[in-house]
Amino acid sequence: MKKPFDRRSFLRLSAFSIGAGALLHLNPLASRAEAAGIRDLFHHRNGESPEAFTLVQLSDTHVGFQGPPDPLGTKAFERAVDTINALDRQPDLILFTGDLTHDSEDSAEHARRFARFQEIAGRLRVKKRLHVPGEHDAALDGGVLFREHFGETHYSFDHRGVHFVALDNVSRGKPVVGAEQIDWLRRDLARYAHTAPIVVFTHRPLFDLKPEWEWFTADGDQVMNVLAPYESVTVLYGHIHREHHQQTGSAQHHAARSLIFAFPDPALVADKKPLPFDPTQPFHNLGIRKIVEGGRSPRIEDVELTAREVSGTEGIQQLIKGESSL
Amino acid sequence: MKKALLTLFILIAVSAQERAPRVVEITAKKFEFSPNVITLKKGEPVTLRLTSTDRAHGLLVQAFHIDLDVEGGQSTEVTFTPGVSGSFPAICDHYCGSGHGNMKMVVVVE
């Protein structure tokens, strides 16, 4: 008789978040011998070999945005790419959780912004990059441009013993996933045991974080009901331009910061206005938090995106001049 | 007998007219509602009629479970009776462009 799996230790998401994104270390087996059954299950199903790995989450790059909250355009995004490329241990995956581009009423201009995003993201050494759309990418055209560049707006795949699900809660214009996609999710998950570790990545939060700021998904509770039987569910999202962690049921939700500007804490202010740009700290709230596996607990290092050339007003002007026009 | 029926019909019609909810017209366009504050009375039925003059918009008043969608150049409406007093936020929840985040209004119930 097989021993029951150690469900609590099955998926260890060692750390999160994240400035420019999140470097996550996942250990789907957490060295428990009992997990051999899961290893066999994934191997038989798709040839996957569950083992520890890292990934990076980047969000809300808003390529093409121009405005007072961030006069530096894509500089934080480019700095994040350089920072990730410099990591000794390259992550297996990079997940982009939406608002890759800033929308434009001119579809040709919006297409140029997608191309610019791909040009910058293409500098990453990590080639396995997955994307979901944000409303700025896909709400005005129903996801047409997004699909041209990245394929479907929702999909799933397995990686080293973890089942990843990309959900689209933007392309209908409203903050909804929709009945059709929820049915797809139900069928997709039905192939897996309830002990299988699942990572959902999407743009908007799947719970009511701040509905009057549109920080919610109207049918997010239906999505979470479908996920409820699964014992290890992690939801990675963006949209809110700030770090946030929440638990609903047994699911853990983690928001990554933006790479363009930050929003304030809704518990502290009434209006949803971006935090003002600080020329003395141009990437403030946009820096990367790096999580390093080591010892009994992960070591957290804040990676400062600010470099010598952007220290002080003169450096800021250099960066602005160097920004390509979009 | 005919006269009695006619009288009854008129009474019913008048009664229905008296109970017809007040209609509040709201216009939506990028990126504002007009008016951006409406005042309702607690316990009094009201119809919100939303008209878009440009593109698709939404009107979400979560406190009253109101979630309207309207296409450009069209109108839609909902009738409800506010049961609580207060000031409630309402937003456009159909993404309509870069100023979408500022498209909001307030529903005041006295």
# chains A, B, ... in the order shown; residues from 1 in each chain; ligands from 1
$ residues_around --residues "Gly101 of chain B" --least-positions-apart "3" --cutoff "8 Å" --atoms "only C-alpha atoms" --output "PyMOL selection string"
(chain A and resi 213) or (chain B and resi 98+104)
$ closest_atom_pairs --of "chain A" --to "chain B" --cutoff "9 Å" --atoms "only C-alpha atoms" --output "CSV"
residue,atom,partner,partner_atom,distance
A:His102,CA,B:Ser98,CA,8.1
A:Asp103,CA,B:Ser98,CA,6.9
A:Ser104,CA,B:Gly97,CA,7.8
A:Glu105,CA,B:Gly97,CA,7.6
A:Glu135,CA,B:Tyr95,CA,6.9
A:His136,CA,B:Ser98,CA,7.8
A:Ala139,CA,B:Tyr95,CA,6.1
A:Leu140,CA,B:Cys96,CA,6.9
A:Val170,CA,B:Tyr95,CA,8.6
A:Arg172,CA,B:His94,CA,8.4
A:Gly173,CA,B:His94,CA,5.0
A:Lys174,CA,B:His94,CA,4.6
A:Pro175,CA,B:Asp93,CA,7.0
A:Pro211,CA,B:Gln62,CA,7.9
A:Glu212,CA,B:Pro89,CA,6.5
A:Trp213,CA,B:Gly101,CA,7.5
A:Glu214,CA,B:Asp93,CA,7.0
A:Lys272,CA,B:Gly101,CA,8.0
$ write_last_selection --atoms "N, CA and C atoms" --output "PDB file, in the first residue's frame"
ATOM      1  N   HIS A 102       1.723  49.280 -23.254  1.00  0.00           N
ATOM      2  CA  HIS A 102       0.681  50.265 -22.949  1.00  0.00           C
ATOM      3  C   HIS A 102      -0.136  50.446 -24.219  1.00  0.00           C
ATOM      4  N   ASP A 103      -1.448  50.466 -24.077  1.00  0.00           N
ATOM      5  CA  ASP A 103      -2.294  50.478 -25.263  1.00  0.00           C
ATOM      6  C   ASP A 103      -2.213  51.804 -26.020  1.00  0.00           C
ATOM      7  N   SER A 104      -2.631  51.739 -27.273  1.00  0.00           N
ATOM      8  CA  SER A 104      -2.732  52.937 -28.099  1.00  0.00           C
ATOM      9  C   SER A 104      -3.993  52.801 -28.943  1.00  0.00           C
ATOM     10  N   GLU A 105      -4.661  53.927 -29.215  1.00  0.00           N
ATOM     11  CA  GLU A 105      -5.829  53.892 -30.094  1.00  0.00           C
ATOM     12  C   GLU A 105      -5.419  53.543 -31.524  1.00  0.00           C
ATOM     13  N   GLU A 135      -4.983  44.178 -19.425  1.00  0.00           N
ATOM     14  CA  GLU A 135      -6.021  44.920 -20.163  1.00  0.00           C
ATOM     15  C   GLU A 135      -5.403  45.899 -21.151  1.00  0.00           C
ATOM     16  N   HIS A 136      -4.223  46.422 -20.843  1.00  0.00           N
ATOM     17  CA  HIS A 136      -3.588  47.355 -21.777  1.00  0.00           C
ATOM     18  C   HIS A 136      -3.087  46.639 -23.034  1.00  0.00           C
ATOM     19  N   ALA A 139      -7.498  44.439 -24.098  1.00  0.00           N
ATOM     20  CA  ALA A 139      -8.907  44.761 -23.861  1.00  0.00           C
ATOM     21  C   ALA A 139      -9.548  45.529 -25.016  1.00  0.00           C
ATOM     22  N   LEU A 140      -8.780  46.354 -25.708  1.00  0.00           N
ATOM     23  CA  LEU A 140      -9.376  47.174 -26.762  1.00  0.00           C
ATOM     24  C   LEU A 140      -9.609  46.399 -28.048  1.00  0.00           C
ATOM     25  N   VAL A 170      -8.737  39.516 -18.967  1.00  0.00           N
ATOM     26  CA  VAL A 170      -8.751  40.893 -19.475  1.00  0.00           C
ATOM     27  C   VAL A 170      -9.350  41.059 -20.867  1.00  0.00           C
ATOM     28  N   ARG A 172     -11.840  40.225 -22.579  1.00  0.00           N
ATOM     29  CA  ARG A 172     -13.262  40.504 -22.833  1.00  0.00           C
ATOM     30  C   ARG A 172     -13.606  41.954 -22.517  1.00  0.00           C
ATOM     31  N   GLY A 173     -12.614  42.731 -22.162  1.00  0.00           N
ATOM     32  CA  GLY A 173     -12.874  44.127 -21.805  1.00  0.00           C
ATOM     33  C   GLY A 173     -13.220  44.283 -20.341  1.00  0.00           C
ATOM     34  N   LYS A 174     -13.944  43.310 -19.791  1.00  0.00           N
ATOM     35  CA  LYS A 174     -14.340  43.334 -18.389  1.00  0.00           C
ATOM     36  C   LYS A 174     -13.366  42.494 -17.555  1.00  0.00           C
ATOM     37  N   PRO A 175     -13.339  42.694 -16.261  1.00  0.00           N
ATOM     38  CA  PRO A 175     -12.491  41.866 -15.398  1.00  0.00           C
ATOM     39  C   PRO A 175     -13.125  40.498 -15.143  1.00  0.00           C
ATOM     40  N   PRO A 211     -12.048  46.325  -5.259  1.00  0.00           N
ATOM     41  CA  PRO A 211     -12.900  46.386  -6.456  1.00  0.00           C
ATOM     42  C   PRO A 211     -13.081  47.794  -7.016  1.00  0.00           C
ATOM     43  N   GLU A 212     -13.183  48.801  -6.141  1.00  0.00           N
ATOM     44  CA  GLU A 212     -13.399  50.157  -6.663  1.00  0.00           C
ATOM     45  C   GLU A 212     -12.172  50.708  -7.373  1.00  0.00           C
ATOM     46  N   TRP A 213     -11.036  50.029  -7.240  1.00  0.00           N
ATOM     47  CA  TRP A 213      -9.853  50.349  -8.048  1.00  0.00           C
ATOM     48  C   TRP A 213      -9.717  49.333  -9.202  1.00  0.00           C
ATOM     49  N   GLU A 214     -10.713  48.543  -9.370  1.00  0.00           N
ATOM     50  CA  GLU A 214     -10.744  47.464 -10.358  1.00  0.00           C
ATOM     51  C   GLU A 214      -9.638  46.447 -10.083  1.00  0.00           C
ATOM     52  N   LYS A 272      -6.690  56.276  -6.478  1.00  0.00           N
ATOM     53  CA  LYS A 272      -5.730  55.426  -7.172  1.00  0.00           C
ATOM     54  C   LYS A 272      -4.888  56.294  -8.111  1.00  0.00           C
TER      55      LYS A 272
END
$ closest_residue --among "B:Glu32, B:Asp54, B:Glu25, B:Glu110" --to "Gly83 of chain B" --atoms "only C-alpha atoms"
B:Glu110
$ atom_distance --atom1 "atom CA of Ala63 of chain B" --atom2 "atom CA of Thr79 of chain B"
14.4 Å
$ atom_distance --atom1 "atom CA of Ala121 of chain A" --atom2 "atom CA of Thr97 of chain A"
13.3 Å
$ residues_around --residues "Ser34 of chain B" --least-positions-apart "5" --cutoff "9 Å" --atoms "only C-alpha atoms" --output "number ranges by chain"
B: 25-29, 105
$ write_last_selection --atoms "N, CA and C atoms" --output "mmCIF file, in the first residue's frame"
data_model
loop_
_atom_site.group_PDB
_atom_site.id
_atom_site.type_symbol
_atom_site.label_atom_id
_atom_site.label_comp_id
_atom_site.auth_asym_id
_atom_site.auth_seq_id
_atom_site.Cartn_x
_atom_site.Cartn_y
_atom_site.Cartn_z
ATOM 1 N N GLU B 25 -30.752 59.544 -15.675
ATOM 2 C CA GLU B 25 -29.974 59.388 -16.911
ATOM 3 C C GLU B 25 -28.486 59.580 -16.609
ATOM 4 N N ILE B 26 -27.682 58.660 -17.096
ATOM 5 C CA ILE B 26 -26.227 58.753 -16.929
ATOM 6 C C ILE B 26 -25.595 58.585 -18.306
ATOM 7 N N THR B 27 -24.746 59.509 -18.655
ATOM 8 C CA THR B 27 -24.038 59.417 -19.932
ATOM 9 C C THR B 27 -22.603 58.988 -19.684
ATOM 10 N N ALA B 28 -22.156 58.036 -20.490
ATOM 11 C CA ALA B 28 -20.774 57.558 -20.380
ATOM 12 C C ALA B 28 -20.018 57.901 -21.662
ATOM 13 N N LYS B 29 -18.851 58.446 -21.502
ATOM 14 C CA LYS B 29 -17.953 58.665 -22.638
ATOM 15 C C LYS B 29 -16.530 58.671 -22.077
ATOM 16 N N MET B 105 -17.751 57.335 -10.620
ATOM 17 C CA MET B 105 -18.770 58.222 -10.103
ATOM 18 C C MET B 105 -19.149 57.783 -8.692
#
